[in-house]
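A short worksheet on the structure shown next.
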Protein chains: 2
Amino acid sequence: MRADAQLNRDRILDAARDAFAVRGLDVPMAAIARRAGVGVATLYRRFPTRESLITEVFADQLAGCLSLVDDALADPDPWRGFCSAIEKVCAMQVIDRGFSAAFLTAFPDAIDFDKARTRAEEGFAAVVRRAQESGGLRADFDPADLALILQANAGITADSPAVALAASRRLVAYLLQAFHTNQAGSLPPPAPLALQHAIG
Amino acid sequence: MRADAQLNRDRILDAARDAFAVRGLDVPMAAIARRAGVGVATLYRRFPTRESLITEVFADQLAGCLSLVDDALADPDPWRGFCSAIEKVCAMQVIDRGFSAAFLTAFPDAIDFDKARTRAEEGFAAVVRRAQESGGLRADFDPADLALILQANAGITADSPAVALAASRRLVAYLLQAFHTNQAGSLPPPAPLALQHAIG
DNA sequence: CCAGAACTGGAGTCCCCCGTCCGCTTATGA
DNA sequence: TCATAAGCGGACGGGGGACTCCAGTTCTGG
């Protein structure tokens with residue numbers, strides 16, 4: 001690839017990251033191009049579909065999710081690992097509107113994106129098992145409850161990111177207290193919520 | 001008003017109710033008109049703005065919210081009243097996507113809609129106070145947490161309404177357990193979440 | 001240095017939605 | 001019955017976003 005093309009590619013990625021974070025995933029392509037200081041054609045040549053742009057932009061954030069699961073598994077206290085994993089992913093989600101949408105959306109053609117998400121899900125299931133065996137996490141917590149948490153957390157919006165983050169933290173704190181073993185109440189059965197929700 | 005005009009008006013209202021419930025608040029006006037079997041002009045003549053249509057469609061549901069608060073206050077067990085109020089409003093919200101959006105959205109010109117919502121908020125604050133005084137609801141529950149719950153619950157989506165309802169019920173059950181007095185943990189401070197979030 | 005391939009940006013096309021205008025139709029009540 | 005006002009629907013202009021085409025520009029290897 002020519003050097004100037006590479007430069008433009010990076011500029012587009014930066015612009016898209018910013019735009020997605022602030023305005024969500026359906027920001028106009030033209031707006032991204034303008035912000036990047038390139039023409040629309042350049043954007044489309046590099047990323048033929050919106051989807052390809054999205055997967056490229058959020059690839060590293062997704063990797064962050066994976067390492068976050070590893071951190072949770074490495075924590076000597078399984079319950080604390082579980083809590084910090086949820087806290088971190090919810091914080092990521094609420095700070096970056098685009099990441100939240102990308103994470104919760106199914107991309108029919110982005111195989112590796114979906115694969116990474118699946119891997120994150122499996123890792124999280126391990127975190128859950130470990131936390132349950134240690135006695136910190138209530139036994140009727142279902143791995144599908146992760147989707148529940150993420151969807152609920154994704155619903156949090158506010159005018160400023162700071163307020164949204166504070167609200168999210170409070171929600172997560174409530175939920176984590178409900179998830180702890182010392183919680184006696186019974187629950188309705190888990191619903192088969194899919195983490196990724198088809199576009200449309 | 002002429003009899004046939006009245007009939008068309010009712011048809012439009014029905015069509016809009018259905019459309020909003022399934023596809024959310026930003027369904028094209030033309031789609032509503034088509035579903036109602038009328039021309040676009042008829043729709044616009046009866047409801048000059050989308051907002052006027054929305055407020056008309058959801059007026060009775062909003063009234064349902066108000067009576068729901070009254071029910072909660074009438075319950076001899078304050079804690080149970082609090083729980084059932086939250087359960088009912090969350091169920092309404094998750095079954096009807098449009099209602100959720102309408103409830104969470106500020107309409108600059110719909111004074112009575114906003115007024116009704118404010119009244120519901122005040123009533124709910126009374127429910128909260130009563131439940132706290134009875135010792136069922138933890139003291140650090142903040143009335144603004146209602147917005148938190150509704151936003152979180154609004155985030156729940158699934159392919160079928162039944163699944164969404166099941167998921168919502170489970171979320172609400174978790175949260176109610178966290179709200180109960182027997183819950184010992186500390187919380188981050190409440191965030192100044194506004195219930196109504198401006199359009200745009 | 002320069003030929004040519006790689007690259008570029010903006011103009012152009014297509015499509016969808018909004019909201020209005022206008023000529024035709026239909027209910028109404030005298 | 002019929003004059004008339006109320007009501008009707010489809011066509012139309014405007015605006016915005018997705019995606020493409022092409023003539024001009026810029027990098028790069030020999």
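Scheme for the structure tokens: letters A, B, ... for chains in order shown; per-chain residue numbers from 1; ligand numbers from 1 in order shown.
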
For the reference chain B, what are the coordinates of chain A after least-squares fitting (all Cα, in-order pairing), as a PDB file with C-alpha atoms, in the first residue's frame?
ATOM      1  CA  MET A   1     -66.316  16.308  12.892  1.00  0.00           C
ATOM      2  CA  ARG A   2     -67.855  14.320  10.092  1.00  0.00           C
ATOM      3  CA  ALA A   3     -68.642  10.698  10.874  1.00  0.00           C
ATOM      4  CA  ASP A   4     -66.303   9.234   8.248  1.00  0.00           C
ATOM      5  CA  ALA A   5     -63.502  11.490   9.422  1.00  0.00           C
ATOM      6  CA  GLN A   6     -63.950  10.207  12.953  1.00  0.00           C
ATOM      7  CA  LEU A   7     -63.792   6.645  11.674  1.00  0.00           C
ATOM      8  CA  ASN A   8     -60.570   7.315   9.837  1.00  0.00           C
ATOM      9  CA  ARG A   9     -59.127   8.996  12.885  1.00  0.00           C
ATOM     10  CA  ASP A  10     -59.784   5.881  14.948  1.00  0.00           C
ATOM     11  CA  ARG A  11     -58.320   3.673  12.265  1.00  0.00           C
ATOM     12  CA  ILE A  12     -55.156   5.770  12.237  1.00  0.00           C
ATOM     13  CA  LEU A  13     -54.834   5.584  15.996  1.00  0.00           C
ATOM     14  CA  ASP A  14     -55.179   1.796  15.916  1.00  0.00           C
ATOM     15  CA  ALA A  15     -52.663   1.428  13.137  1.00  0.00           C
ATOM     16  CA  ALA A  16     -50.207   3.732  14.868  1.00  0.00           C
ATOM     17  CA  ARG A  17     -50.544   1.861  18.138  1.00  0.00           C
ATOM     18  CA  ASP A  18     -49.706  -1.434  16.440  1.00  0.00           C
ATOM     19  CA  ALA A  19     -46.864   0.026  14.408  1.00  0.00           C
ATOM     20  CA  PHE A  20     -45.282   1.791  17.359  1.00  0.00           C
ATOM     21  CA  ALA A  21     -45.488  -1.311  19.514  1.00  0.00           C
ATOM     22  CA  VAL A  22     -43.708  -3.473  16.984  1.00  0.00           C
ATOM     23  CA  ARG A  23     -41.255  -1.178  15.252  1.00  0.00           C
ATOM     24  CA  GLY A  24     -40.689   1.632  17.706  1.00  0.00           C
ATOM     25  CA  LEU A  25     -41.445   5.305  17.458  1.00  0.00           C
ATOM     26  CA  ASP A  26     -39.682   6.107  14.200  1.00  0.00           C
ATOM     27  CA  VAL A  27     -41.810   4.026  11.902  1.00  0.00           C
ATOM     28  CA  PRO A  28     -42.486   5.931   8.644  1.00  0.00           C
ATOM     29  CA  MET A  29     -45.669   7.969   8.616  1.00  0.00           C
ATOM     30  CA  ALA A  30     -46.524   6.468   5.244  1.00  0.00           C
ATOM     31  CA  ALA A  31     -46.424   2.980   6.752  1.00  0.00           C
ATOM     32  CA  ILE A  32     -48.941   3.988   9.399  1.00  0.00           C
ATOM     33  CA  ALA A  33     -51.191   5.530   6.770  1.00  0.00           C
ATOM     34  CA  ARG A  34     -51.020   2.427   4.614  1.00  0.00           C
ATOM     35  CA  ARG A  35     -51.770   0.153   7.539  1.00  0.00           C
ATOM     36  CA  ALA A  36     -54.734   2.345   8.438  1.00  0.00           C
ATOM     37  CA  GLY A  37     -55.990   2.251   4.863  1.00  0.00           C
ATOM     38  CA  VAL A  38     -55.923   6.007   4.413  1.00  0.00           C
ATOM     39  CA  GLY A  39     -53.818   8.433   2.421  1.00  0.00           C
ATOM     40  CA  VAL A  40     -50.817  10.195   3.864  1.00  0.00           C
ATOM     41  CA  ALA A  41     -52.582  13.536   3.666  1.00  0.00           C
ATOM     42  CA  THR A  42     -55.370  12.316   5.914  1.00  0.00           C
ATOM     43  CA  LEU A  43     -52.871  11.258   8.511  1.00  0.00           C
ATOM     44  CA  TYR A  44     -51.120  14.618   8.418  1.00  0.00           C
ATOM     45  CA  ARG A  45     -54.385  16.566   8.489  1.00  0.00           C
ATOM     46  CA  ARG A  46     -55.459  14.793  11.659  1.00  0.00           C
ATOM     47  CA  PHE A  47     -52.029  14.756  13.312  1.00  0.00           C
ATOM     48  CA  PRO A  48     -49.834  17.552  11.986  1.00  0.00           C
ATOM     49  CA  THR A  49     -46.725  16.266  13.745  1.00  0.00           C
ATOM     50  CA  ARG A  50     -45.482  12.838  14.673  1.00  0.00           C
ATOM     51  CA  GLU A  51     -45.416  14.054  18.211  1.00  0.00           C
ATOM     52  CA  SER A  52     -49.132  14.825  18.283  1.00  0.00           C
ATOM     53  CA  LEU A  53     -49.839  11.316  17.044  1.00  0.00           C
ATOM     54  CA  ILE A  54     -47.587   9.769  19.649  1.00  0.00           C
ATOM     55  CA  THR A  55     -49.082  11.668  22.563  1.00  0.00           C
ATOM     56  CA  GLU A  56     -52.592  10.743  21.427  1.00  0.00           C
ATOM     57  CA  VAL A  57     -51.694   7.068  21.025  1.00  0.00           C
ATOM     58  CA  PHE A  58     -50.032   6.719  24.397  1.00  0.00           C
ATOM     59  CA  ALA A  59     -52.341   8.936  26.420  1.00  0.00           C
ATOM     60  CA  ASP A  60     -54.273   5.994  27.818  1.00  0.00           C
ATOM     61  CA  GLN A  61     -51.175   3.943  28.519  1.00  0.00           C
ATOM     62  CA  LEU A  62     -49.822   6.870  30.474  1.00  0.00           C
ATOM     63  CA  ALA A  63     -53.062   6.940  32.416  1.00  0.00           C
ATOM     64  CA  GLY A  64     -52.453   3.256  33.092  1.00  0.00           C
ATOM     65  CA  CYS A  65     -49.141   4.229  34.647  1.00  0.00           C
ATOM     66  CA  LEU A  66     -50.881   6.661  36.939  1.00  0.00           C
ATOM     67  CA  SER A  67     -53.430   4.117  38.136  1.00  0.00           C
ATOM     68  CA  LEU A  68     -50.567   1.696  38.645  1.00  0.00           C
ATOM     69  CA  VAL A  69     -49.017   4.131  41.104  1.00  0.00           C
ATOM     70  CA  ASP A  70     -52.343   4.452  42.873  1.00  0.00           C
ATOM     71  CA  ASP A  71     -52.544   0.672  43.160  1.00  0.00           C
ATOM     72  CA  ALA A  72     -49.100   0.645  44.727  1.00  0.00           C
ATOM     73  CA  LEU A  73     -50.118   3.241  47.276  1.00  0.00           C
ATOM     74  CA  ALA A  74     -53.309   1.317  48.052  1.00  0.00           C
ATOM     75  CA  ASP A  75     -51.469  -1.906  48.796  1.00  0.00           C
ATOM     76  CA  PRO A  76     -51.443  -2.553  52.539  1.00  0.00           C
ATOM     77  CA  ASP A  77     -47.880  -3.828  52.254  1.00  0.00           C
ATOM     78  CA  PRO A  78     -45.747  -0.863  51.100  1.00  0.00           C
ATOM     79  CA  TRP A  79     -42.855  -3.017  49.933  1.00  0.00           C
ATOM     80  CA  ARG A  80     -45.137  -5.286  47.926  1.00  0.00           C
ATOM     81  CA  GLY A  81     -46.778  -2.216  46.421  1.00  0.00           C
ATOM     82  CA  PHE A  82     -43.396  -0.871  45.400  1.00  0.00           C
ATOM     83  CA  CYS A  83     -42.385  -4.184  43.825  1.00  0.00           C
ATOM     84  CA  SER A  84     -45.594  -4.649  41.886  1.00  0.00           C
ATOM     85  CA  ALA A  85     -45.447  -1.081  40.582  1.00  0.00           C
ATOM     86  CA  ILE A  86     -41.987  -1.642  39.190  1.00  0.00           C
ATOM     87  CA  GLU A  87     -42.855  -5.039  37.815  1.00  0.00           C
ATOM     88  CA  LYS A  88     -45.908  -3.717  36.040  1.00  0.00           C
ATOM     89  CA  VAL A  89     -44.313  -0.675  34.491  1.00  0.00           C
ATOM     90  CA  CYS A  90     -41.341  -2.696  33.304  1.00  0.00           C
ATOM     91  CA  ALA A  91     -43.632  -5.262  31.751  1.00  0.00           C
ATOM     92  CA  MET A  92     -45.571  -2.545  29.926  1.00  0.00           C
ATOM     93  CA  GLN A  93     -42.349  -1.064  28.736  1.00  0.00           C
ATOM     94  CA  VAL A  94     -40.838  -4.228  27.343  1.00  0.00           C
ATOM     95  CA  ILE A  95     -44.006  -5.411  25.642  1.00  0.00           C
ATOM     96  CA  ASP A  96     -44.522  -2.159  23.782  1.00  0.00           C
ATOM     97  CA  ARG A  97     -41.342  -0.719  22.328  1.00  0.00           C
ATOM     98  CA  GLY A  98     -43.106   2.477  21.423  1.00  0.00           C
ATOM     99  CA  PHE A  99     -44.453   3.065  24.880  1.00  0.00           C
ATOM    100  CA  SER A 100     -41.009   2.670  26.313  1.00  0.00           C
ATOM    101  CA  ALA A 101     -39.553   5.204  23.911  1.00  0.00           C
ATOM    102  CA  ALA A 102     -42.459   7.594  24.376  1.00  0.00           C
ATOM    103  CA  PHE A 103     -42.189   7.407  28.128  1.00  0.00           C
ATOM    104  CA  LEU A 104     -38.454   8.048  28.085  1.00  0.00           C
ATOM    105  CA  THR A 105     -38.559  10.838  25.531  1.00  0.00           C
ATOM    106  CA  ALA A 106     -39.199  14.519  26.113  1.00  0.00           C
ATOM    107  CA  PHE A 107     -41.762  16.114  23.832  1.00  0.00           C
ATOM    108  CA  PRO A 108     -41.137  19.845  23.817  1.00  0.00           C
ATOM    109  CA  ASP A 109     -44.700  20.730  22.920  1.00  0.00           C
ATOM    110  CA  ALA A 110     -46.796  18.074  24.605  1.00  0.00           C
ATOM    111  CA  ILE A 111     -47.444  19.828  27.872  1.00  0.00           C
ATOM    112  CA  ASP A 112     -50.077  17.464  29.200  1.00  0.00           C
ATOM    113  CA  PHE A 113     -48.017  14.426  28.342  1.00  0.00           C
ATOM    114  CA  ASP A 114     -45.091  15.758  30.309  1.00  0.00           C
ATOM    115  CA  LYS A 115     -47.412  16.836  33.093  1.00  0.00           C
ATOM    116  CA  ALA A 116     -48.849  13.349  33.388  1.00  0.00           C
ATOM    117  CA  ARG A 117     -45.369  11.913  33.499  1.00  0.00           C
ATOM    118  CA  THR A 118     -44.373  14.347  36.203  1.00  0.00           C
ATOM    119  CA  ARG A 119     -47.436  13.337  38.171  1.00  0.00           C
ATOM    120  CA  ALA A 120     -46.454   9.681  37.784  1.00  0.00           C
ATOM    121  CA  GLU A 121     -42.983  10.539  39.015  1.00  0.00           C
ATOM    122  CA  GLU A 122     -44.322  12.313  42.079  1.00  0.00           C
ATOM    123  CA  GLY A 123     -46.630   9.426  42.839  1.00  0.00           C
ATOM    124  CA  PHE A 124     -43.764   7.039  42.523  1.00  0.00           C
ATOM    125  CA  ALA A 125     -41.706   9.134  44.905  1.00  0.00           C
ATOM    126  CA  ALA A 126     -44.498   8.705  47.430  1.00  0.00           C
ATOM    127  CA  VAL A 127     -44.449   4.949  46.864  1.00  0.00           C
ATOM    128  CA  VAL A 128     -40.724   4.989  47.493  1.00  0.00           C
ATOM    129  CA  ARG A 129     -41.023   7.016  50.694  1.00  0.00           C
ATOM    130  CA  ARG A 130     -43.711   4.753  52.040  1.00  0.00           C
ATOM    131  CA  ALA A 131     -41.739   1.623  51.231  1.00  0.00           C
ATOM    132  CA  GLN A 132     -38.663   3.042  52.887  1.00  0.00           C
ATOM    133  CA  GLU A 133     -40.544   4.056  56.031  1.00  0.00           C
ATOM    134  CA  SER A 134     -42.030   0.590  56.320  1.00  0.00           C
ATOM    135  CA  GLY A 135     -38.512  -0.800  56.320  1.00  0.00           C
ATOM    136  CA  GLY A 136     -38.851  -2.872  53.166  1.00  0.00           C
ATOM    137  CA  LEU A 137     -36.940  -0.628  50.807  1.00  0.00           C
ATOM    138  CA  ARG A 138     -33.326   0.265  51.558  1.00  0.00           C
ATOM    139  CA  ALA A 139     -32.856   3.829  52.720  1.00  0.00           C
ATOM    140  CA  ASP A 140     -30.316   4.769  50.076  1.00  0.00           C
ATOM    141  CA  PHE A 141     -32.707   4.029  47.244  1.00  0.00           C
ATOM    142  CA  ASP A 142     -33.149   7.296  45.369  1.00  0.00           C
ATOM    143  CA  PRO A 143     -36.250   8.305  43.421  1.00  0.00           C
ATOM    144  CA  ALA A 144     -33.925   8.960  40.479  1.00  0.00           C
ATOM    145  CA  ASP A 145     -33.238   5.246  40.527  1.00  0.00           C
ATOM    146  CA  LEU A 146     -36.589   4.845  38.822  1.00  0.00           C
ATOM    147  CA  ALA A 147     -35.096   6.421  35.724  1.00  0.00           C
ATOM    148  CA  LEU A 148     -32.191   4.041  36.089  1.00  0.00           C
ATOM    149  CA  ILE A 149     -34.502   1.046  36.176  1.00  0.00           C
ATOM    150  CA  LEU A 150     -36.582   2.202  33.248  1.00  0.00           C
ATOM    151  CA  GLN A 151     -33.578   2.986  31.099  1.00  0.00           C
ATOM    152  CA  ALA A 152     -31.977  -0.329  31.917  1.00  0.00           C
ATOM    153  CA  ASN A 153     -35.195  -2.167  31.236  1.00  0.00           C
ATOM    154  CA  ALA A 154     -35.661  -0.297  27.971  1.00  0.00           C
ATOM    155  CA  GLY A 155     -32.344  -1.717  26.843  1.00  0.00           C
ATOM    156  CA  ILE A 156     -33.787  -5.225  26.842  1.00  0.00           C
ATOM    157  CA  THR A 157     -34.618  -6.397  23.339  1.00  0.00           C
ATOM    158  CA  ALA A 158     -35.120  -9.802  21.827  1.00  0.00           C
ATOM    159  CA  ASP A 159     -36.530 -11.314  18.686  1.00  0.00           C
ATOM    160  CA  SER A 160     -39.814 -12.225  20.301  1.00  0.00           C
ATOM    161  CA  PRO A 161     -41.760 -10.192  22.856  1.00  0.00           C
ATOM    162  CA  ALA A 162     -42.092 -13.313  24.989  1.00  0.00           C
ATOM    163  CA  VAL A 163     -38.341 -13.668  25.337  1.00  0.00           C
ATOM    164  CA  ALA A 164     -37.957  -9.969  26.022  1.00  0.00           C
ATOM    165  CA  LEU A 165     -40.599 -10.167  28.715  1.00  0.00           C
ATOM    166  CA  ALA A 166     -38.907 -13.136  30.352  1.00  0.00           C
ATOM    167  CA  ALA A 167     -35.565 -11.355  30.302  1.00  0.00           C
ATOM    168  CA  SER A 168     -37.085  -8.195  31.711  1.00  0.00           C
ATOM    169  CA  ARG A 169     -38.726 -10.151  34.515  1.00  0.00           C
ATOM    170  CA  ARG A 170     -35.418 -11.664  35.480  1.00  0.00           C
ATOM    171  CA  LEU A 171     -33.676  -8.306  35.445  1.00  0.00           C
ATOM    172  CA  VAL A 172     -36.408  -6.784  37.588  1.00  0.00           C
ATOM    173  CA  ALA A 173     -36.240  -9.690  40.016  1.00  0.00           C
ATOM    174  CA  TYR A 174     -32.504  -9.172  40.417  1.00  0.00           C
ATOM    175  CA  LEU A 175     -32.952  -5.460  40.965  1.00  0.00           C
ATOM    176  CA  LEU A 176     -35.785  -5.824  43.446  1.00  0.00           C
ATOM    177  CA  GLN A 177     -33.662  -8.180  45.504  1.00  0.00           C
ATOM    178  CA  ALA A 178     -30.915  -5.578  45.479  1.00  0.00           C
ATOM    179  CA  PHE A 179     -33.395  -2.917  46.540  1.00  0.00           C
ATOM    180  CA  HIS A 180     -34.564  -4.797  49.606  1.00  0.00           C
ATOM    181  CA  THR A 181     -33.441  -3.750  53.064  1.00  0.00           C
ATOM    182  CA  ASN A 182     -31.721  -7.035  53.809  1.00  0.00           C
ATOM    183  CA  GLN A 183     -29.133  -5.926  51.271  1.00  0.00           C
ATOM    184  CA  ALA A 184     -26.109  -4.649  53.130  1.00  0.00           C
ATOM    185  CA  GLY A 185     -23.663  -3.347  50.515  1.00  0.00           C
ATOM    186  CA  SER A 186     -22.832   0.264  49.891  1.00  0.00           C
ATOM    187  CA  LEU A 187     -23.627   2.033  46.627  1.00  0.00           C
ATOM    188  CA  PRO A 188     -22.137   4.724  44.448  1.00  0.00           C
ATOM    189  CA  PRO A 189     -24.195   7.921  44.635  1.00  0.00           C
ATOM    190  CA  PRO A 190     -27.213   8.236  42.372  1.00  0.00           C
ATOM    191  CA  ALA A 191     -26.667  10.000  39.080  1.00  0.00           C
ATOM    192  CA  PRO A 192     -28.924  12.865  38.024  1.00  0.00           C
ATOM    193  CA  LEU A 193     -30.594  10.822  35.313  1.00  0.00           C
ATOM    194  CA  ALA A 194     -33.517  12.540  33.663  1.00  0.00           C
ATOM    195  CA  LEU A 195     -36.431  10.313  32.902  1.00  0.00           C
ATOM    196  CA  GLN A 196     -37.256  12.131  29.726  1.00  0.00           C
ATOM    197  CA  HIS A 197     -34.420  12.405  27.286  1.00  0.00           C
ATOM    198  CA  ALA A 198     -34.648  15.083  24.619  1.00  0.00           C
ATOM    199  CA  ILE A 199     -35.287  13.969  21.070  1.00  0.00           C
ATOM    200  CA  GLY A 200     -32.266  13.979  18.794  1.00  0.00           C
TER     201      GLY A 200
END

Would you please give, as a ChimeraX atom specification, all residues of chain A that DSSP assigns to helix (DSSP H, G or I) based on the backbone?
/A:3-23,29-36,40-46,50-74,78-95,97-104,111-133,145-154,161-179

Take C1' of DC21 in chain D and C1' of DG12 in chain C and report the distance between them in Å, one decimal.
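We find that C1' of DC21 in chain D and C1' of DG12 in chain C lie 8.1 Å from each other.
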
Using DSSP on the backbone coordinates, identify the residues of range 15-198 of chain B assigned to strand (DSSP E or B); present them as a VMD selection string.
chain B and resid 105 to 106 137 180 197 to 198

Given only C-alpha atoms (C1' of nucleotides) as the basis, pick out the residue of C:DC7, C:DA27, C:DC1, C:DC17 nearest to DT25 in chain D.
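Going through C:DC7, C:DA27, C:DC1, C:DC17 one by one, the smallest distance to DT25 in chain D is for C:DC7.
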